[in-house]
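Chemist: Dumping the structure here so I can ask a few things about it.
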Amino acid sequence: MAAPRNFDFFHRVGGYPDTRQSLASLILSYIDASNTRPRLDKNTVLSPLECRPEPEMAISSSTRHPSPHHRPVPPLVRHPMFKREQCNFALTRRLHGGSYKWSQVWLATMYLRGLPQLGSATVVVKLYQESRYEWAQGELEEGYNPVFAAIEYTDRLAKNEAWAYDCLRELQGRVIPWSYGSFKFRLPNGEISFAQVMEYVDGPLVSTFSSIASPPYAGLETMLDHAAQSLWEIHRCGVAHGDTAMLQNMILHPHSQTIVFINFAYARSAVHGENAVRARGNDFLAILGVLHEFLPARDRDLLHAQMLWAERRKREDVPWKQLLFDADAADPYYYIFSFSEID
């Protein structure tokens, strides 16, 4: 499915069509926001300034009834009167964030202003709040304004996430969360922040699986099968995730037993060429590497189990086995180096 390519919504500086402020006023507003350094709390209610005009939602007026293979869509979102520009978001619990984090991720209640009879929906609001990020000394090139850098970088991450949800529309509600759109908010301190609003997938993070590292490693093989299937589907849509080394970016949906991938801020194209093969292969190698590095049983047996699983699956008729060959192409010496690190 071709994805729309107009992302002017995410640009605020440097002469882009939707610039609302001069760079000078933007920097001043950023400094004010940094000084007040807002700690959003669970009683904060956000109303959007704007919604992206070309939404990456897979749920449109003509597709209100997803297939049985998809997770349910909240009745509020399916309702014919649902309009994103009328949404309010009441924050309820912080899921991820803090200082030196590019995004602040909140669980929230979404409802429509003036239409309480339509009910509400539990959603995730991912705010790209640049005033919460502090550049490390020496992290920027000499002479590069840190305020400009924070604004430019967070805008790019927000754009990446929306681009990925565009490309992965057919996977929403199965392999990735449903997207409810991209928004621009004015926070209580006056700071403007982009946000991605999406489905809350309630399930355990892969990092909490104790059975993965326990002989005979049946849990490991099952998890790798599910992860490879989901990642292969993402790659088929032309997207490399780019941040699979973080186990908290993978959730096991308890009913479908599908690994759901989240956080596409570092997504990139995985369509053609050597770089695309490397991006796809590195996506999967990052999962193998982080499992081996952070699980309690960091030993030769666990690494050997991974290697045997990969060799077996290459010989079997699984649709995603090309992913394993991409991993070999990205790093032919992965297992040699990994075993040497243990020794």
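Ordered as shown in the structure tokens, chains take letters A, B, and onward, while each chain numbers its residues from 1 and ligands are numbered from 1 in the order shown.
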Determine which residues of range 111-342 of chain A receive a DSSP assignment of strand (DSSP E or B), computed from the backbone, and state them as a PyMOL selection string.

Modeler: chain A and resi 111-112+120-128+172+176+179-186+192-199+205+239-240+250-252+259-261+268-269

Chemist: Need the shell around range 83-91 of chain A: protein/DNA/RNA residues with any atom at most 7 Å away, counting only C-alpha atoms. Skip same-chain ones fewer than 3 positions apart. Format as a VMD selection string?

Modeler: chain A and resid 41 to 48 50 to 51 106 to 113

Chemist: Between CA of Arg268 in chain A and CA of Ala164 in chain A, what is the distance, to one decimal in Å?

Modeler: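 Atom-to-atom, CA of Arg268 in chain A and CA of Ala164 in chain A are spaced 8.0 Å apart.
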
Chemist: Residues at most 12 Å from Gln172 in chain A, counting only C-alpha atoms, excluding those fewer than 4 positions away in the same chain, as a JSON list (two decimals) with N, CA and C atoms, in the first residue's frame?

Modeler:
```json
[["chain", "number", "residue", "atom", "x", "y", "z"],
["A", 56, "GLU", "N", -2.21, 8.73, 9.53],
["A", 56, "GLU", "CA", -1.69, 7.40, 9.29],
["A", 56, "GLU", "C", -2.61, 6.34, 9.89],
["A", 57, "MET", "N", -3.84, 6.72, 10.22],
["A", 57, "MET", "CA", -4.79, 5.76, 10.78],
["A", 57, "MET", "C", -5.21, 4.76, 9.73],
["A", 58, "ALA", "N", -5.22, 3.49, 10.12],
["A", 58, "ALA", "CA", -5.74, 2.45, 9.24],
["A", 58, "ALA", "C", -7.26, 2.37, 9.35],
["A", 59, "ILE", "N", -7.82, 3.03, 10.35],
["A", 59, "ILE", "CA", -9.27, 2.99, 10.58],
["A", 59, "ILE", "C", -9.88, 4.24, 9.97],
["A", 66, "PRO", "N", -12.52, -3.97, 11.39],
["A", 66, "PRO", "CA", -11.34, -4.76, 11.04],
["A", 66, "PRO", "C", -11.64, -6.25, 11.06],
["A", 67, "SER", "N", -10.75, -7.04, 10.47],
["A", 67, "SER", "CA", -10.93, -8.48, 10.39],
["A", 67, "SER", "C", -10.79, -9.11, 11.76],
["A", 69, "HIS", "N", -8.71, -11.08, 12.72],
["A", 69, "HIS", "CA", -7.30, -11.23, 13.09],
["A", 69, "HIS", "C", -6.74, -10.00, 13.79],
["A", 70, "HIS", "N", -7.50, -8.92, 13.79],
["A", 70, "HIS", "CA", -7.05, -7.69, 14.41],
["A", 70, "HIS", "C", -7.58, -7.58, 15.84],
["A", 71, "ARG", "N", -6.87, -6.83, 16.66],
["A", 71, "ARG", "CA", -7.37, -6.51, 17.99],
["A", 71, "ARG", "C", -8.54, -5.54, 17.85],
["A", 72, "PRO", "N", -9.46, -5.56, 18.82],
["A", 72, "PRO", "CA", -10.65, -4.69, 18.70],
["A", 72, "PRO", "C", -10.29, -3.21, 18.68],
["A", 73, "VAL", "N", -11.10, -2.46, 17.96],
["A", 73, "VAL", "CA", -10.98, -1.00, 17.94],
["A", 73, "VAL", "C", -12.01, -0.44, 18.91],
["A", 164, "ALA", "N", 6.47, 5.62, 9.61],
["A", 164, "ALA", "CA", 6.40, 4.17, 9.79],
["A", 164, "ALA", "C", 4.96, 3.70, 9.90],
["A", 165, "TYR", "N", 4.14, 4.42, 10.65],
["A", 165, "TYR", "CA", 2.73, 4.02, 10.77],
["A", 165, "TYR", "C", 2.01, 4.14, 9.44],
["A", 166, "ASP", "N", 2.39, 5.11, 8.63],
["A", 166, "ASP", "CA", 1.85, 5.21, 7.27],
["A", 166, "ASP", "C", 2.15, 3.93, 6.48],
["A", 167, "CYS", "N", 3.42, 3.58, 6.46],
["A", 167, "CYS", "CA", 3.85, 2.43, 5.66],
["A", 167, "CYS", "C", 3.29, 1.11, 6.18],
["A", 168, "LEU", "N", 3.01, 1.05, 7.48],
["A", 168, "LEU", "CA", 2.61, -0.20, 8.12],
["A", 168, "LEU", "C", 1.12, -0.25, 8.41],
["A", 176, "ILE", "N", 1.66, -4.18, 15.02],
["A", 176, "ILE", "CA", 1.96, -2.89, 15.66],
["A", 176, "ILE", "C", 0.64, -2.35, 16.23],
["A", 177, "PRO", "N", 0.70, -1.35, 17.10],
["A", 177, "PRO", "CA", -0.55, -0.79, 17.64],
["A", 177, "PRO", "C", -1.37, -0.08, 16.56],
["A", 178, "TRP", "N", -2.68, 0.01, 16.82],
["A", 178, "TRP", "CA", -3.49, 0.91, 16.02],
["A", 178, "TRP", "C", -2.99, 2.34, 16.23],
["A", 179, "SER", "N", -2.91, 3.11, 15.18],
["A", 179, "SER", "CA", -2.57, 4.52, 15.31],
["A", 179, "SER", "C", -3.85, 5.35, 15.26],
["A", 180, "TYR", "N", -3.96, 6.29, 16.19],
["A", 180, "TYR", "CA", -5.09, 7.21, 16.20],
["A", 180, "TYR", "C", -4.70, 8.60, 15.70],
["A", 198, "MET", "N", -1.74, 6.29, 20.07],
["A", 198, "MET", "CA", -1.90, 4.93, 19.57],
["A", 198, "MET", "C", -2.60, 4.04, 20.58],
["A", 199, "GLU", "N", -2.90, 2.86, 20.14],
["A", 199, "GLU", "CA", -3.52, 1.83, 20.97],
["A", 199, "GLU", "C", -2.62, 1.45, 22.14],
["A", 201, "VAL", "N", -1.48, -1.53, 24.07],
["A", 201, "VAL", "CA", -1.43, -2.99, 23.97],
["A", 201, "VAL", "C", -1.06, -3.53, 25.35],
["A", 230, "SER", "N", 6.78, -11.36, 13.17],
["A", 230, "SER", "CA", 6.34, -9.96, 13.20],
["A", 230, "SER", "C", 7.32, -9.05, 12.48],
["A", 233, "GLU", "N", 7.10, -9.31, 8.71],
["A", 233, "GLU", "CA", 5.96, -8.59, 8.16],
["A", 233, "GLU", "C", 6.24, -7.09, 8.08],
["A", 234, "ILE", "N", 6.92, -6.56, 9.09],
["A", 234, "ILE", "CA", 7.28, -5.14, 9.07],
["A", 234, "ILE", "C", 8.23, -4.85, 7.92],
["A", 237, "CYS", "N", 6.81, -4.51, 4.42],
["A", 237, "CYS", "CA", 6.18, -3.22, 4.13],
["A", 237, "CYS", "C", 7.20, -2.13, 3.88],
["A", 260, "VAL", "N", 4.17, -7.79, 19.40],
["A", 260, "VAL", "CA", 3.79, -6.47, 18.90],
["A", 260, "VAL", "C", 4.98, -5.53, 19.09],
["A", 261, "PHE", "N", 5.42, -4.92, 17.99],
["A", 261, "PHE", "CA", 6.54, -3.98, 18.05],
["A", 261, "PHE", "C", 6.01, -2.56, 18.24],
["A", 262, "ILE", "N", 6.67, -1.81, 19.12],
["A", 262, "ILE", "CA", 6.30, -0.41, 19.36],
["A", 262, "ILE", "C", 7.55, 0.45, 19.19]]
```

Chemist: Find the residues near range 310-324 of chain A: any atom within 8 Å, counting only C-alpha atoms, skip ones fewer than 6 places away on the same chain, and give them as an mmCIF file with N, CA, C and O atoms, in the first residue's frame.

Modeler:
```cif
data_model
loop_
_atom_site.group_PDB
_atom_site.id
_atom_site.type_symbol
_atom_site.label_atom_id
_atom_site.label_comp_id
_atom_site.auth_asym_id
_atom_site.auth_seq_id
_atom_site.Cartn_x
_atom_site.Cartn_y
_atom_site.Cartn_z
ATOM 1 N N ALA A 228 10.424 -13.128 14.892
ATOM 2 C CA ALA A 228 10.833 -13.181 13.488
ATOM 3 C C ALA A 228 9.631 -13.000 12.561
ATOM 4 O O ALA A 228 9.720 -12.294 11.541
ATOM 5 N N GLN A 229 8.502 -13.617 12.895
ATOM 6 C CA GLN A 229 7.300 -13.480 12.076
ATOM 7 C C GLN A 229 6.863 -12.017 12.004
ATOM 8 O O GLN A 229 6.591 -11.474 10.930
ATOM 9 N N TRP A 232 9.470 -9.805 10.140
ATOM 10 C CA TRP A 232 9.425 -10.070 8.694
ATOM 11 C C TRP A 232 8.260 -9.329 8.049
ATOM 12 O O TRP A 232 8.400 -8.758 6.955
ATOM 13 N N ARG A 280 17.713 -4.593 7.662
ATOM 14 C CA ARG A 280 16.829 -5.703 8.048
ATOM 15 C C ARG A 280 17.584 -6.715 8.905
ATOM 16 O O ARG A 280 17.078 -7.197 9.922
ATOM 17 N N GLY A 281 18.800 -7.068 8.482
ATOM 18 C CA GLY A 281 19.587 -8.032 9.238
ATOM 19 C C GLY A 281 19.937 -7.536 10.621
ATOM 20 O O GLY A 281 19.854 -8.291 11.608
ATOM 21 N N PHE A 284 17.260 -7.928 13.323
ATOM 22 C CA PHE A 284 17.125 -9.225 13.988
ATOM 23 C C PHE A 284 18.349 -9.539 14.851
ATOM 24 O O PHE A 284 18.222 -10.095 15.947
#
```

Chemist: Calculated over only C-alpha atoms, which of the candidates A:Ile251, A:Ala305, A:Leu231, A:Ala270 has the smallest distance to Ala286 in chain A?

Modeler: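 For Ala286 in chain A, the nearest of the candidates is A:Leu231.
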
Chemist: Restricting the calculation to only C-alpha atoms: of A:Leu291, A:Val124, A:Leu115, A:Met81, which residue gets closest to Tyr200 in chain A?

Modeler: A:Val124

Chemist: Rank A:Arg174, A:Arg52, A:His226, A:Arg186 by their smallest atom-to-atom distance to Ala158 in chain A, using only C-alpha atoms, and report the top residue only.

Modeler: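 Among the listed residues, the smallest separation from Ala158 in chain A belongs to A:Arg52.
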
Chemist: Hey, what's within 6 Å of Ala265 in chain A if we count only C-alpha atoms and toss same-chain stuff fewer than 6 positions away? As a ChimeraX atom specification, please?

Modeler: /A:157,160-161

Chemist: Please identify the helix (DSSP H, G or I) residues within range 223-267 of chain A (assignment by DSSP from backbone atoms) and present them as a PyMOL selection string.

Modeler: chain A and resi 223-236+247-249

Chemist: Write a file of the just-selected residues containing all heavy atoms, as a compact mmCIF listing (two decimals), in the first residue's frame.

Modeler:
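Saved the output as selection-v3.txt:
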```txt
# COMPACT_ATOMS: atom_id res chain seq x y z
N MET A 223 9.61 -17.51 21.46
CA MET A 223 9.68 -16.06 21.37
C MET A 223 10.36 -15.63 20.07
O MET A 223 9.90 -14.72 19.39
CB MET A 223 10.43 -15.50 22.58
CG MET A 223 10.33 -13.97 22.72
SD MET A 223 11.37 -13.02 21.58
CE MET A 223 12.99 -13.58 22.10
N LEU A 224 11.46 -16.30 19.70
CA LEU A 224 12.17 -15.94 18.47
C LEU A 224 11.30 -16.19 17.24
O LEU A 224 11.33 -15.41 16.29
CB LEU A 224 13.48 -16.71 18.37
CG LEU A 224 14.59 -16.28 19.34
CD1 LEU A 224 15.79 -17.21 19.22
CD2 LEU A 224 15.01 -14.84 19.09
N ASP A 225 10.54 -17.26 17.25
CA ASP A 225 9.61 -17.53 16.14
C ASP A 225 8.61 -16.39 15.99
O ASP A 225 8.37 -15.89 14.88
CB ASP A 225 8.85 -18.84 16.38
CG ASP A 225 9.70 -20.08 16.11
OD1 ASP A 225 10.74 -19.95 15.43
OD2 ASP A 225 9.32 -21.17 16.57
N HIS A 226 8.01 -15.99 17.12
CA HIS A 226 7.01 -14.91 17.07
C HIS A 226 7.65 -13.58 16.66
O HIS A 226 7.09 -12.82 15.86
CB HIS A 226 6.34 -14.75 18.44
CG HIS A 226 5.43 -15.88 18.82
ND1 HIS A 226 4.58 -16.48 17.92
CD2 HIS A 226 5.25 -16.52 20.00
CE1 HIS A 226 3.90 -17.44 18.53
NE2 HIS A 226 4.29 -17.49 19.79
N ALA A 227 8.84 -13.30 17.21
CA ALA A 227 9.51 -12.04 16.88
C ALA A 227 9.90 -12.00 15.41
O ALA A 227 9.75 -10.98 14.74
CB ALA A 227 10.73 -11.86 17.77
N ALA A 228 10.42 -13.13 14.89
CA ALA A 228 10.83 -13.18 13.49
C ALA A 228 9.63 -13.00 12.56
O ALA A 228 9.72 -12.29 11.54
CB ALA A 228 11.53 -14.50 13.19
N GLN A 229 8.50 -13.62 12.89
CA GLN A 229 7.30 -13.48 12.08
C GLN A 229 6.86 -12.02 12.00
O GLN A 229 6.59 -11.47 10.93
CB GLN A 229 6.17 -14.34 12.65
CG GLN A 229 4.82 -14.16 11.98
CD GLN A 229 4.78 -14.68 10.55
OE1 GLN A 229 5.43 -15.67 10.23
NE2 GLN A 229 4.02 -14.01 9.69
N SER A 230 6.78 -11.36 13.17
CA SER A 230 6.34 -9.96 13.20
C SER A 230 7.32 -9.05 12.48
O SER A 230 6.93 -8.17 11.71
CB SER A 230 6.15 -9.50 14.65
OG SER A 230 5.11 -10.21 15.28
N LEU A 231 8.61 -9.26 12.73
CA LEU A 231 9.62 -8.40 12.11
C LEU A 231 9.65 -8.58 10.60
O LEU A 231 9.82 -7.61 9.84
CB LEU A 231 10.99 -8.72 12.71
CG LEU A 231 12.10 -7.69 12.53
CD1 LEU A 231 11.68 -6.33 13.08
CD2 LEU A 231 13.37 -8.16 13.22
N TRP A 232 9.47 -9.81 10.14
CA TRP A 232 9.43 -10.07 8.69
C TRP A 232 8.26 -9.33 8.05
O TRP A 232 8.40 -8.76 6.96
CB TRP A 232 9.30 -11.58 8.47
CG TRP A 232 9.09 -11.98 7.04
CD1 TRP A 232 10.00 -11.94 6.02
CD2 TRP A 232 7.88 -12.48 6.47
NE1 TRP A 232 9.43 -12.39 4.85
CE2 TRP A 232 8.12 -12.73 5.10
CE3 TRP A 232 6.62 -12.77 6.98
CZ2 TRP A 232 7.15 -13.25 4.24
CZ3 TRP A 232 5.64 -13.28 6.14
CH2 TRP A 232 5.92 -13.50 4.78
N GLU A 233 7.10 -9.31 8.71
CA GLU A 233 5.96 -8.59 8.16
C GLU A 233 6.24 -7.09 8.08
O GLU A 233 5.85 -6.42 7.12
CB GLU A 233 4.71 -8.86 9.00
CG GLU A 233 4.22 -10.30 8.91
CD GLU A 233 2.82 -10.45 9.50
OE1 GLU A 233 1.90 -9.75 9.01
OE2 GLU A 233 2.65 -11.27 10.42
N ILE A 234 6.92 -6.56 9.09
CA ILE A 234 7.28 -5.14 9.07
C ILE A 234 8.23 -4.85 7.92
O ILE A 234 8.07 -3.88 7.17
CB ILE A 234 7.91 -4.75 10.43
CG1 ILE A 234 6.84 -4.76 11.52
CG2 ILE A 234 8.58 -3.38 10.35
CD1 ILE A 234 7.38 -4.64 12.92
N HIS A 235 9.22 -5.71 7.73
CA HIS A 235 10.18 -5.52 6.64
C HIS A 235 9.52 -5.62 5.27
O HIS A 235 9.90 -4.93 4.33
CB HIS A 235 11.31 -6.55 6.75
CG HIS A 235 12.22 -6.33 7.92
ND1 HIS A 235 13.17 -7.24 8.31
CD2 HIS A 235 12.31 -5.28 8.78
CE1 HIS A 235 13.81 -6.76 9.37
NE2 HIS A 235 13.30 -5.59 9.67
N ARG A 236 8.54 -6.51 5.14
CA ARG A 236 7.82 -6.64 3.86
C ARG A 236 7.13 -5.34 3.45
O ARG A 236 6.92 -5.09 2.27
CB ARG A 236 6.76 -7.74 3.95
CG ARG A 236 7.31 -9.16 3.93
CD ARG A 236 6.18 -10.15 3.94
NE ARG A 236 5.40 -10.08 2.70
CZ ARG A 236 4.13 -10.51 2.59
NH1 ARG A 236 3.51 -11.00 3.63
NH2 ARG A 236 3.52 -10.43 1.44
N LEU A 247 14.48 -4.32 24.54
CA LEU A 247 13.46 -5.35 24.71
C LEU A 247 12.10 -4.77 25.08
O LEU A 247 11.07 -5.40 24.84
CB LEU A 247 13.90 -6.36 25.77
CG LEU A 247 15.04 -7.31 25.38
CD1 LEU A 247 15.36 -8.26 26.52
CD2 LEU A 247 14.69 -8.09 24.12
N GLN A 248 12.09 -3.56 25.66
CA GLN A 248 10.80 -2.96 26.01
C GLN A 248 10.04 -2.49 24.78
O GLN A 248 8.92 -2.01 24.89
CB GLN A 248 10.97 -1.81 27.00
CG GLN A 248 11.82 -0.66 26.52
CD GLN A 248 13.25 -0.78 27.01
OE1 GLN A 248 13.80 -1.88 27.04
NE2 GLN A 248 13.85 0.34 27.38
N ASN A 249 10.64 -2.62 23.59
CA ASN A 249 9.94 -2.29 22.35
C ASN A 249 9.19 -3.48 21.77
O ASN A 249 8.67 -3.41 20.66
CB ASN A 249 10.92 -1.76 21.30
CG ASN A 249 11.43 -0.37 21.66
OD1 ASN A 249 10.78 0.37 22.40
ND2 ASN A 249 12.60 -0.01 21.16
```
